$ cat upload_5.txt   # compact mmCIF, C-alpha atoms
# COMPACT_ATOMS: atom_id res chain seq x y z
CA MET A 1 29.82 19.65 -25.69
CA LEU A 2 26.12 20.19 -25.19
CA ASN A 3 24.58 16.83 -25.93
CA SER A 4 20.84 16.66 -25.76
CA LEU A 5 19.15 14.24 -23.36
CA TYR A 6 17.22 12.67 -26.25
CA VAL A 7 17.54 8.89 -26.45
CA GLU A 8 17.42 7.26 -29.86
CA GLY A 9 14.57 4.79 -30.14
CA ASP A 10 11.20 3.83 -31.58
CA SER A 11 8.91 3.43 -28.57
CA ARG A 12 5.27 4.47 -28.59
CA LEU A 13 6.27 7.69 -26.82
CA HIS A 14 8.92 8.37 -29.49
CA ARG A 15 6.27 8.23 -32.19
CA LEU A 16 3.88 10.57 -30.40
CA PRO A 17 4.22 14.22 -31.55
CA ALA A 18 5.84 16.65 -29.13
CA GLY A 19 2.70 18.74 -28.54
CA PRO A 20 0.58 15.94 -27.01
CA LYS A 21 3.56 14.82 -24.95
CA LEU A 22 3.92 18.26 -23.40
CA LEU A 23 0.20 18.27 -22.75
CA LEU A 24 0.65 14.94 -20.95
CA VAL A 25 3.28 16.45 -18.64
CA LEU A 26 0.96 19.38 -17.93
CA LEU A 27 -1.99 17.08 -17.15
CA VAL A 28 0.13 14.87 -14.89
CA SER A 29 1.43 17.93 -13.03
CA LEU A 30 -2.18 18.89 -12.28
CA ALA A 31 -3.44 15.35 -11.64
CA VAL A 32 -0.91 14.54 -8.91
CA PHE A 33 -2.26 17.42 -6.85
CA LEU A 34 -5.86 16.20 -7.11
CA THR A 35 -5.40 13.37 -4.63
CA ARG A 36 -3.70 12.87 -1.28
CA SER A 37 -4.11 9.10 -1.18
CA PRO A 38 -0.74 7.29 -0.99
CA PRO A 39 -2.01 4.12 -2.75
CA VAL A 40 -3.37 6.10 -5.72
CA LEU A 41 -0.20 8.20 -5.94
CA GLY A 42 1.89 5.05 -5.56
CA ALA A 43 0.09 3.43 -8.50
CA GLY A 44 0.72 6.61 -10.50
CA ALA A 45 4.41 6.52 -9.65
CA ILE A 46 4.67 2.88 -10.77
CA ALA A 47 2.90 3.71 -14.05
CA ALA A 48 5.26 6.66 -14.57
CA LEU A 49 8.24 4.40 -13.91
CA GLY A 50 6.88 1.99 -16.53
CA LEU A 51 6.55 4.85 -18.99
CA TYR A 52 10.13 5.98 -18.33
CA ALA A 53 11.42 2.42 -18.76
CA SER A 54 9.48 2.05 -22.03
CA THR A 55 11.67 4.74 -23.61
CA GLY A 56 14.51 2.21 -23.72
CA ILE A 57 16.93 4.43 -21.82
CA GLY A 58 18.26 1.53 -19.74
CA ALA A 59 18.47 1.30 -15.95
CA ARG A 60 21.92 2.79 -15.45
CA ALA A 61 21.66 5.81 -17.74
CA GLY A 62 18.10 6.39 -16.56
CA TRP A 63 19.17 6.41 -12.92
CA LEU A 64 22.24 8.63 -13.39
CA ARG A 65 20.19 11.23 -15.21
CA LEU A 66 17.57 11.54 -12.49
CA ARG A 67 19.83 11.21 -9.47
CA PRO A 68 20.28 14.96 -8.75
CA VAL A 69 16.56 15.74 -9.01
CA LEU A 70 15.66 12.65 -7.02
CA LEU A 71 18.09 13.73 -4.32
CA THR A 72 16.40 17.10 -3.80
CA ILE A 73 13.00 15.40 -3.77
CA ALA A 74 14.24 12.93 -1.16
CA VAL A 75 15.74 15.66 1.03
CA VAL A 76 12.54 17.68 0.98
CA ALA A 77 10.37 14.59 1.58
CA LEU A 78 12.55 13.69 4.57
CA ALA A 79 12.28 17.23 5.93
CA THR A 80 8.51 17.01 5.55
CA VAL A 81 8.47 13.73 7.49
CA LEU A 82 10.53 15.27 10.29
CA LEU A 83 8.74 18.62 10.47
CA GLY A 84 5.25 17.53 9.42
CA SER A 85 3.94 13.98 9.30
CA VAL A 86 5.03 10.73 7.69
CA GLU A 87 1.99 10.77 5.43
CA GLU A 88 2.74 14.27 4.13
CA GLY A 89 6.30 13.21 3.40
CA ILE A 90 5.17 10.18 1.41
CA VAL A 91 2.60 12.23 -0.52
CA ALA A 92 5.24 14.84 -1.48
CA LEU A 93 7.71 12.12 -2.46
CA LEU A 94 5.22 10.25 -4.69
CA ARG A 95 3.79 13.35 -6.34
CA LEU A 96 7.13 14.78 -7.36
CA THR A 97 8.66 11.45 -8.32
CA THR A 98 5.72 10.69 -10.63
CA LEU A 99 5.95 14.06 -12.28
CA MET A 100 9.73 13.79 -12.61
CA LEU A 101 9.49 10.36 -14.29
CA VAL A 102 6.84 11.45 -16.81
CA ALA A 103 8.81 14.62 -17.60
CA ALA A 104 12.03 12.65 -18.03
CA ALA A 105 10.25 10.17 -20.33
CA VAL A 106 9.10 13.02 -22.56
CA THR A 107 12.58 14.57 -22.59
CA ALA A 108 14.16 11.23 -23.54
CA THR A 109 11.80 10.74 -26.49
CA THR A 110 11.64 14.23 -28.00
CA THR A 111 14.38 15.82 -30.09
CA VAL A 112 15.49 19.42 -29.60
CA GLY A 113 14.22 20.21 -33.10
CA ALA A 114 10.75 18.87 -32.32
CA PHE A 115 10.62 20.93 -29.14
CA ILE A 116 11.66 24.10 -30.95
CA ASP A 117 8.93 23.51 -33.54
CA VAL A 118 6.32 23.26 -30.78
CA VAL A 119 7.64 26.31 -28.95
CA SER A 120 7.74 28.36 -32.16
CA ARG A 121 4.19 27.29 -33.01
CA ALA A 122 3.03 28.17 -29.50
CA ALA A 123 4.64 31.58 -29.91
CA ARG A 124 2.71 32.43 -33.11
CA PRO A 125 -0.26 33.97 -31.25
CA LEU A 126 2.20 36.07 -29.23
CA GLU A 127 3.80 37.11 -32.49
CA ARG A 128 0.50 38.51 -33.67
CA LEU A 129 0.39 40.60 -30.50
CA GLY A 130 3.84 41.89 -31.38
CA LEU A 131 5.42 40.44 -28.21
CA VAL A 132 7.89 38.05 -29.77
CA ARG A 133 8.97 36.81 -33.19
CA ALA A 134 8.51 33.07 -33.30
CA ASP A 135 11.48 32.44 -35.60
CA ASP A 136 13.77 34.31 -33.22
CA ILE A 137 13.34 31.56 -30.65
CA GLY A 138 15.03 28.90 -32.77
CA LEU A 139 17.71 31.37 -33.82
CA ALA A 140 18.48 32.35 -30.22
CA VAL A 141 18.58 28.73 -29.04
CA GLY A 142 21.03 27.93 -31.84
CA LEU A 143 23.21 30.88 -30.87
CA VAL A 144 23.40 29.79 -27.23
CA ILE A 145 24.35 26.21 -28.16
CA ARG A 146 26.97 27.57 -30.55
CA PHE A 147 28.56 29.94 -28.04
CA VAL A 148 28.77 27.86 -24.87
CA PRO A 149 32.00 26.12 -26.03
CA GLU A 150 33.35 29.54 -27.02
CA VAL A 151 32.76 30.96 -23.54
CA LEU A 152 34.40 27.88 -21.99
CA SER A 153 37.52 28.23 -24.14
CA ARG A 154 37.73 31.94 -23.26
CA TYR A 155 37.63 30.90 -19.62
CA ASP A 156 40.53 28.51 -20.21
CA VAL A 157 42.62 31.27 -21.79
CA LEU A 158 41.87 33.55 -18.83
CA LYS A 159 42.84 30.79 -16.41
CA GLN A 160 46.15 30.31 -18.20
CA SER A 161 46.91 34.02 -18.24
CA HIS A 162 46.27 34.14 -14.50
CA ARG A 163 48.66 31.25 -14.01
CA ALA A 164 51.32 32.79 -16.26
CA ARG A 165 51.27 35.90 -14.06
CA GLY A 166 51.17 33.94 -10.83
CA LEU A 167 47.72 35.28 -9.95
CA ARG A 168 45.01 33.38 -8.17
CA LEU A 169 41.66 33.01 -9.95
CA ARG A 170 39.24 35.45 -8.37
CA PRO A 171 35.59 35.81 -9.37
CA THR A 172 35.84 39.42 -10.49
CA THR A 173 39.15 39.08 -12.33
CA VAL A 174 37.72 36.16 -14.30
CA LEU A 175 34.11 37.18 -14.79
CA VAL A 176 34.69 40.75 -15.94
CA PRO A 177 36.99 39.97 -18.90
CA LEU A 178 34.90 36.89 -19.69
CA MET A 179 31.75 38.98 -20.00
CA ILE A 180 33.33 41.88 -21.85
CA GLN A 181 35.12 39.64 -24.38
CA THR A 182 32.02 37.55 -25.00
CA LEU A 183 29.57 40.43 -25.29
CA LYS A 184 31.87 42.43 -27.54
CA ALA A 185 31.27 39.78 -30.20
CA ALA A 186 27.60 40.78 -30.30
CA ASP A 187 28.01 43.55 -32.86
CA GLU A 188 29.78 41.30 -35.33
CA ILE A 189 27.29 38.45 -34.91
CA ALA A 190 24.33 40.80 -35.24
CA ALA A 191 25.87 42.30 -38.39
CA ALA A 192 26.37 38.79 -39.79
CA ILE A 193 22.75 37.88 -39.06
CA ASP A 194 21.45 41.04 -40.71
CA ALA A 195 23.82 40.71 -43.69
CA ARG A 196 22.41 37.25 -44.39
CA GLY A 197 18.87 38.53 -44.05
CA ILE A 198 18.06 35.81 -41.52
CA ARG A 199 15.56 37.97 -39.67
CA ALA A 200 14.93 40.54 -42.39
CA HIS A 201 11.88 38.97 -44.02
CA LYS A 202 9.70 39.96 -41.11
CA GLN A 203 11.30 43.21 -40.08
CA PRO A 204 8.26 45.50 -39.86
CA THR A 205 10.29 48.69 -40.06
CA GLU A 206 11.91 47.79 -43.37
CA ASN A 207 10.53 48.16 -46.84
CA GLN A 208 8.34 45.24 -47.77
CA GLU A 209 9.74 44.97 -51.28
CA ARG A 210 10.53 41.31 -51.37
CA PRO A 211 7.57 39.12 -52.27
CA THR A 212 7.16 36.40 -49.62
CA MET B 213 13.89 43.79 -30.79
CA SER B 214 17.09 44.53 -32.67
CA SER B 215 19.42 41.74 -33.79
CA ARG B 216 22.05 43.12 -31.43
CA ASP B 217 19.75 42.81 -28.41
CA LEU B 218 18.81 39.28 -29.40
CA VAL B 219 22.47 38.32 -29.79
CA LEU B 220 23.45 39.96 -26.48
CA ALA B 221 20.74 38.00 -24.66
CA ALA B 222 21.82 34.75 -26.36
CA LEU B 223 25.49 35.37 -25.54
CA PHE B 224 24.65 36.05 -21.93
CA ALA B 225 22.60 32.85 -21.81
CA ALA B 226 25.73 31.06 -23.02
CA ILE B 227 27.70 32.69 -20.17
CA ILE B 228 25.12 31.52 -17.62
CA VAL B 229 25.28 27.98 -19.01
CA ALA B 230 29.08 28.05 -18.93
CA LEU B 231 29.03 29.25 -15.30
CA GLY B 232 27.24 26.01 -14.44
CA LEU B 233 29.90 23.92 -16.17
CA LEU B 234 32.99 25.63 -14.75
CA PRO B 235 34.73 24.41 -11.61
CA PRO B 236 33.90 26.54 -8.58
CA ILE B 237 36.05 29.59 -7.86
CA MET B 238 36.65 30.10 -4.15
CA LEU B 239 36.46 33.55 -2.65
CA GLY B 240 39.52 34.41 -0.61
CA PHE B 241 37.96 35.13 2.74
CA ILE B 242 34.82 32.99 2.88
CA PRO B 243 34.59 29.35 1.85
CA VAL B 244 31.81 29.99 -0.67
CA PRO B 245 32.26 28.40 -4.05
CA ILE B 246 31.13 30.80 -6.78
CA THR B 247 29.71 28.32 -9.22
CA ALA B 248 26.18 28.86 -8.97
CA GLN B 249 24.23 30.04 -11.88
CA SER B 250 22.24 32.33 -9.62
CA LEU B 251 25.27 34.62 -9.83
CA GLY B 252 24.86 34.55 -13.60
CA VAL B 253 21.21 35.53 -13.18
CA MET B 254 22.15 38.59 -11.12
CA LEU B 255 24.90 39.46 -13.60
CA ALA B 256 22.43 39.26 -16.50
CA GLY B 257 20.28 41.93 -14.88
CA VAL B 258 23.19 44.08 -13.77
CA VAL B 259 24.99 44.02 -17.13
CA LEU B 260 22.18 43.85 -19.69
CA GLY B 261 19.29 45.51 -17.86
CA ALA B 262 15.73 44.27 -17.36
CA ARG B 263 14.60 43.30 -20.86
CA ARG B 264 17.66 41.60 -22.32
CA GLY B 265 18.63 40.10 -18.94
CA THR B 266 15.21 38.49 -18.57
CA ILE B 267 15.38 37.09 -22.11
CA ALA B 268 18.84 35.62 -21.38
CA VAL B 269 17.46 33.77 -18.35
CA LEU B 270 14.36 32.64 -20.25
CA LEU B 271 16.65 31.19 -22.92
CA VAL B 272 18.59 29.18 -20.35
CA LEU B 273 15.37 27.76 -18.93
CA LEU B 274 14.06 27.03 -22.43
CA LEU B 275 17.24 25.14 -23.26
CA ALA B 276 16.88 23.13 -20.06
CA ALA B 277 13.22 22.39 -20.81
CA ILE B 278 13.89 21.12 -24.32
CA GLY B 279 16.35 18.56 -23.04
CA LEU B 280 19.79 20.16 -22.92
CA PRO B 281 21.85 19.65 -19.75
CA VAL B 282 22.51 23.35 -19.20
CA LEU B 283 21.90 23.69 -15.46
CA SER B 284 24.75 23.29 -12.97
CA GLY B 285 25.73 19.68 -12.40
CA GLY B 286 24.65 18.77 -15.92
CA ARG B 287 20.96 18.87 -15.04
CA GLY B 288 18.37 19.42 -17.73
CA GLY B 289 15.19 18.12 -19.26
CA LEU B 290 11.65 18.64 -18.12
CA ALA B 291 12.37 16.65 -14.95
CA VAL B 292 14.24 19.58 -13.36
CA PHE B 293 10.92 21.41 -13.31
CA ALA B 294 9.46 18.64 -11.16
CA ALA B 295 11.84 19.24 -8.24
CA PRO B 296 10.78 20.89 -4.97
CA THR B 297 13.29 23.62 -5.81
CA THR B 298 11.65 24.47 -9.15
CA GLY B 299 10.35 27.71 -7.64
CA PHE B 300 13.91 29.00 -7.60
CA LEU B 301 14.24 28.31 -11.33
CA ILE B 302 11.00 30.14 -12.07
CA GLY B 303 12.17 32.88 -9.72
CA TRP B 304 15.31 33.38 -11.85
CA VAL B 305 13.22 35.07 -14.52
CA PHE B 306 11.78 37.61 -12.08
CA ALA B 307 15.11 37.97 -10.28
CA ALA B 308 16.83 38.98 -13.51
CA PHE B 309 14.01 41.36 -14.37
CA VAL B 310 13.95 43.11 -10.97
CA THR B 311 17.76 43.27 -10.79
CA GLY B 312 17.88 44.77 -14.27
CA TYR B 313 15.00 47.17 -13.71
CA LEU B 314 16.49 48.52 -10.47
CA SER B 315 19.98 48.70 -12.00
CA GLU B 316 18.61 50.86 -14.79
CA ARG B 317 16.99 53.13 -12.19
CA PHE B 318 19.78 53.32 -9.63
CA VAL B 319 22.96 53.36 -11.67
CA ARG B 320 24.07 56.13 -13.98
CA SER B 321 27.35 56.51 -15.82
CA SER B 322 27.82 59.96 -14.27
CA GLN B 323 27.99 58.50 -10.76
CA GLY B 324 31.19 57.62 -8.94
CA ALA B 325 32.44 54.05 -8.67
CA ILE B 326 31.23 53.55 -5.11
CA ALA B 327 27.72 54.83 -5.84
CA GLN B 328 27.48 52.60 -8.91
CA THR B 329 28.64 49.53 -7.02
CA ALA B 330 26.20 50.26 -4.19
CA GLY B 331 23.35 50.71 -6.67
CA PHE B 332 24.15 47.41 -8.35
CA PHE B 333 24.40 45.68 -4.96
CA VAL B 334 20.97 46.88 -3.84
CA ALA B 335 19.49 45.83 -7.21
CA ALA B 336 21.13 42.38 -7.05
CA VAL B 337 19.96 41.79 -3.47
CA ALA B 338 16.41 42.90 -4.24
CA GLY B 339 16.17 40.74 -7.38
CA GLY B 340 18.58 37.88 -6.81
CA VAL B 341 17.84 37.33 -3.14
CA VAL B 342 14.49 38.85 -2.06
CA VAL B 343 12.47 38.15 -5.21
CA LEU B 344 14.23 34.84 -5.89
CA TYR B 345 13.55 33.48 -2.41
CA LEU B 346 9.97 34.72 -2.51
CA PHE B 347 9.32 32.45 -5.49
CA GLY B 348 11.53 29.59 -4.29
CA ILE B 349 10.16 29.43 -0.76
CA THR B 350 6.52 29.84 -1.79
CA TYR B 351 6.81 26.99 -4.29
CA LEU B 352 8.68 24.79 -1.82
CA ALA B 353 6.06 25.44 0.85
CA ILE B 354 3.23 24.47 -1.50
CA VAL B 355 4.61 21.32 -3.11
CA SER B 356 6.18 19.87 0.02
CA GLY B 357 3.29 20.75 2.32
CA LEU B 358 5.89 22.10 4.75
CA GLY B 359 4.25 25.46 5.21
CA PHE B 360 5.78 28.82 4.56
CA GLU B 361 7.61 29.25 7.85
CA LYS B 362 9.44 25.92 7.79
CA ALA B 363 10.31 26.28 4.11
CA PHE B 364 11.79 29.68 4.93
CA ILE B 365 13.89 28.32 7.79
CA GLY B 366 15.11 25.48 5.55
CA SER B 367 16.24 27.91 2.86
CA MET B 368 17.90 30.42 5.18
CA ALA B 369 21.23 28.60 5.15
CA PHE B 370 21.73 29.64 1.51
CA ILE B 371 21.05 33.34 1.98
CA PRO B 372 24.55 34.36 3.22
CA GLY B 373 26.16 32.78 0.14
CA ASP B 374 23.71 34.57 -2.12
CA LEU B 375 24.45 37.90 -0.44
CA VAL B 376 28.13 37.33 -1.20
CA LYS B 377 27.17 36.60 -4.82
CA ALA B 378 25.25 39.86 -4.95
CA GLY B 379 28.44 41.59 -3.86
CA VAL B 380 30.43 39.88 -6.61
CA ALA B 381 27.72 40.75 -9.13
CA ALA B 382 27.87 44.40 -8.04
CA LEU B 383 31.66 44.61 -8.38
CA ALA B 384 31.67 42.80 -11.71
CA GLY B 385 28.70 44.78 -13.01
CA ARG B 386 30.45 48.05 -12.15
CA ALA B 387 33.64 46.92 -13.87
CA VAL B 388 31.78 45.87 -17.03
CA MET B 389 29.98 49.22 -17.02
CA ALA B 390 33.35 50.97 -16.91
CA GLY B 391 34.87 48.77 -19.62
CA TYR B 392 31.99 48.09 -21.99
CA PRO B 393 28.76 49.81 -20.95
CA LEU B 394 25.60 48.06 -22.11
CA LEU B 395 23.05 49.00 -19.45
CA PRO B 396 20.24 51.03 -21.02
CA ALA B 397 20.04 54.50 -19.53
CA ARG B 398 16.79 55.57 -17.94
CA ALA B 399 15.79 59.03 -16.91
$ encode --input "upload_5.txt" --output "structure tokens"
Amino acid sequence: MLNSLYVEGDSRLHRLPAGPKLLLVLLVSLAVFLTRSPPVLGAGAIAALGLYASTGIGARAGWLRLRPVLLTIAVVALATVLLGSVEEGIVALLRLTTLMLVAAAVTATTTVGAFIDVVSRAARPLERLGLVRADDIGLAVGLVIRFVPEVLSRYDVLKQSHRARGLRLRPTTVLVPLMIQTLKAADEIAAAIDARGIRAHKQPTENQERPT
Amino acid sequence: MSSRDLVLAALFAAIIVALGLLPPIMLGFIPVPITAQSLGVMLAGVVLGARRGTIAVLLVLLLAAIGLPVLSGGRGGLAVFAAPTTGFLIGWVFAAFVTGYLSERFVRSSQGAIAQTAGFFVAAVAGGVVVLYLFGITYLAIVSGLGFEKAFIGSMAFIPGDLVKAGVAALAGRAVMAGYPLLPARA
């Protein structure tokens, strides 16, 4: 149902750890705003395209994946040409396209697991401040992935019950039972998590009896 | 944060993701398809309140960032944060927070149905329209070089639809509060 956008492969970018790759995206996002020169930005865009192609995603899949984002970039670039100047439009187009390509290359070469490791590691300092528990991030991500198909099948049941009663689907008559049914499961799931002690080892309010 | 709060936020994130995958539901009187996940963002604030609603939205964005196609139209990956409309995605977080915060302030279980619905509507408009567009338009103005005024005019076409969504969020939020209240009470 929820397939990741990771592309199997063994390119140089695949072998690079996730942390440096995210740093690359960050640096590119800053670098494209350092210059306004179309030739420099154009060269950057071509390099980014080369990087995206090096992931081995293939022309067709690579194009389909980026089409929606590219469309909004094109619309805004066109609006900038019409309302501002041609140069401004080209600069906006090249900046965002470059960034989009580098970002898509990183997404295609990094597994969900590798990302979660990086995010959890990045959250450790926040954990020390008591803002977040790093292990909760992976747990929550897993829960969302697990429950999306469940929500969709609940929606199907609601659609069928509307049809059986000859009712038209209306936002409130669908959304309200969908939310209540889904959220009512929370108590059971939370009890299951606590019963398995998945989060217990770091619960500060509980007795620290278990050696860790 | 209790396990229950964590699970509620995760379940709501799943609802927001599902809203992006479902076919649009048309409202009877206006031809506005109710697909958009921005409705889910308002609902997160209205139903779960500020803290859990914000976490639900953060989870959706995290899933998108780590390469899952969870945004409407099957979009996902880091590339969606390179679009001129990225400001609206970032704005989701603050929209859910403001909607939730105001809902907790305005709506009480002792109020009548109309007062509750009105409170939720004001909260959803303030968070899901005013705050959301503040982020979206500012970002659009900066990255496109269009300037604030033109970016605002370009985005105005979407505001009526979002006001309708705020209305739906208010009605649905009120009904959930009546059926399965989750909104934290604030004095």
$ interface_residues --input "upload_5.txt" --of "chain A" --to "chain B" --cutoff "7 Å" --atoms "only C-alpha atoms" --output "PyMOL selection string"
chain A and resi 2-6+69+72-73+76-77+80+84+88+92+96+99-101+103-104+107+112+115+140-141+143-144+147-148+151-152+169-172+175-176+180+182-183+186-187+190
$ atom_distance --input "upload_5.txt" --atom1 "CA of Ala108 in chain A" --atom2 "CA of His14 in chain A"
8.4 Å
$ closest_residue --input "upload_5.txt" --among "A:Leu178, A:Ala79, A:Ala192, A:Leu94" --to "Pro39 in chain A" --atoms "all atoms listed in the file"
A:Leu94
$ atom_distance --input "upload_5.txt" --atom1 "CA of Leu23 in chain A" --atom2 "CA of Gly299 in chain B"
20.5 Å
$ closest_residue --input "upload_5.txt" --among "A:Arg163, A:Arg95, A:Lys184, A:Arg154" --to "Phe33 in chain A" --atoms "only C-alpha atoms"
A:Arg95
$ atom_distance --input "upload_5.txt" --atom1 "CA of Thr98 in chain A" --atom2 "CA of Leu49 in chain A"
7.5 Å
$ residues_around --input "upload_5.txt" --residues "range 129-136 of chain A" --least-positions-apart "6" --cutoff "10 Å" --atoms "only C-alpha atoms" --output "list in words"
Ile116, Asp117, Val119, Ser120, Arg121, Ala122, Ala123, Gly142, Ile198, Arg199, Lys202 and Gln203 of chain A; Met213, Ser215 and Leu218 of chain B
$ closest_residue --input "upload_5.txt" --among "B:Gly379, B:Pro235, B:Gly303, B:Gly340" --to "Gly257 in chain B" --atoms "all atoms listed in the file"
B:Gly340
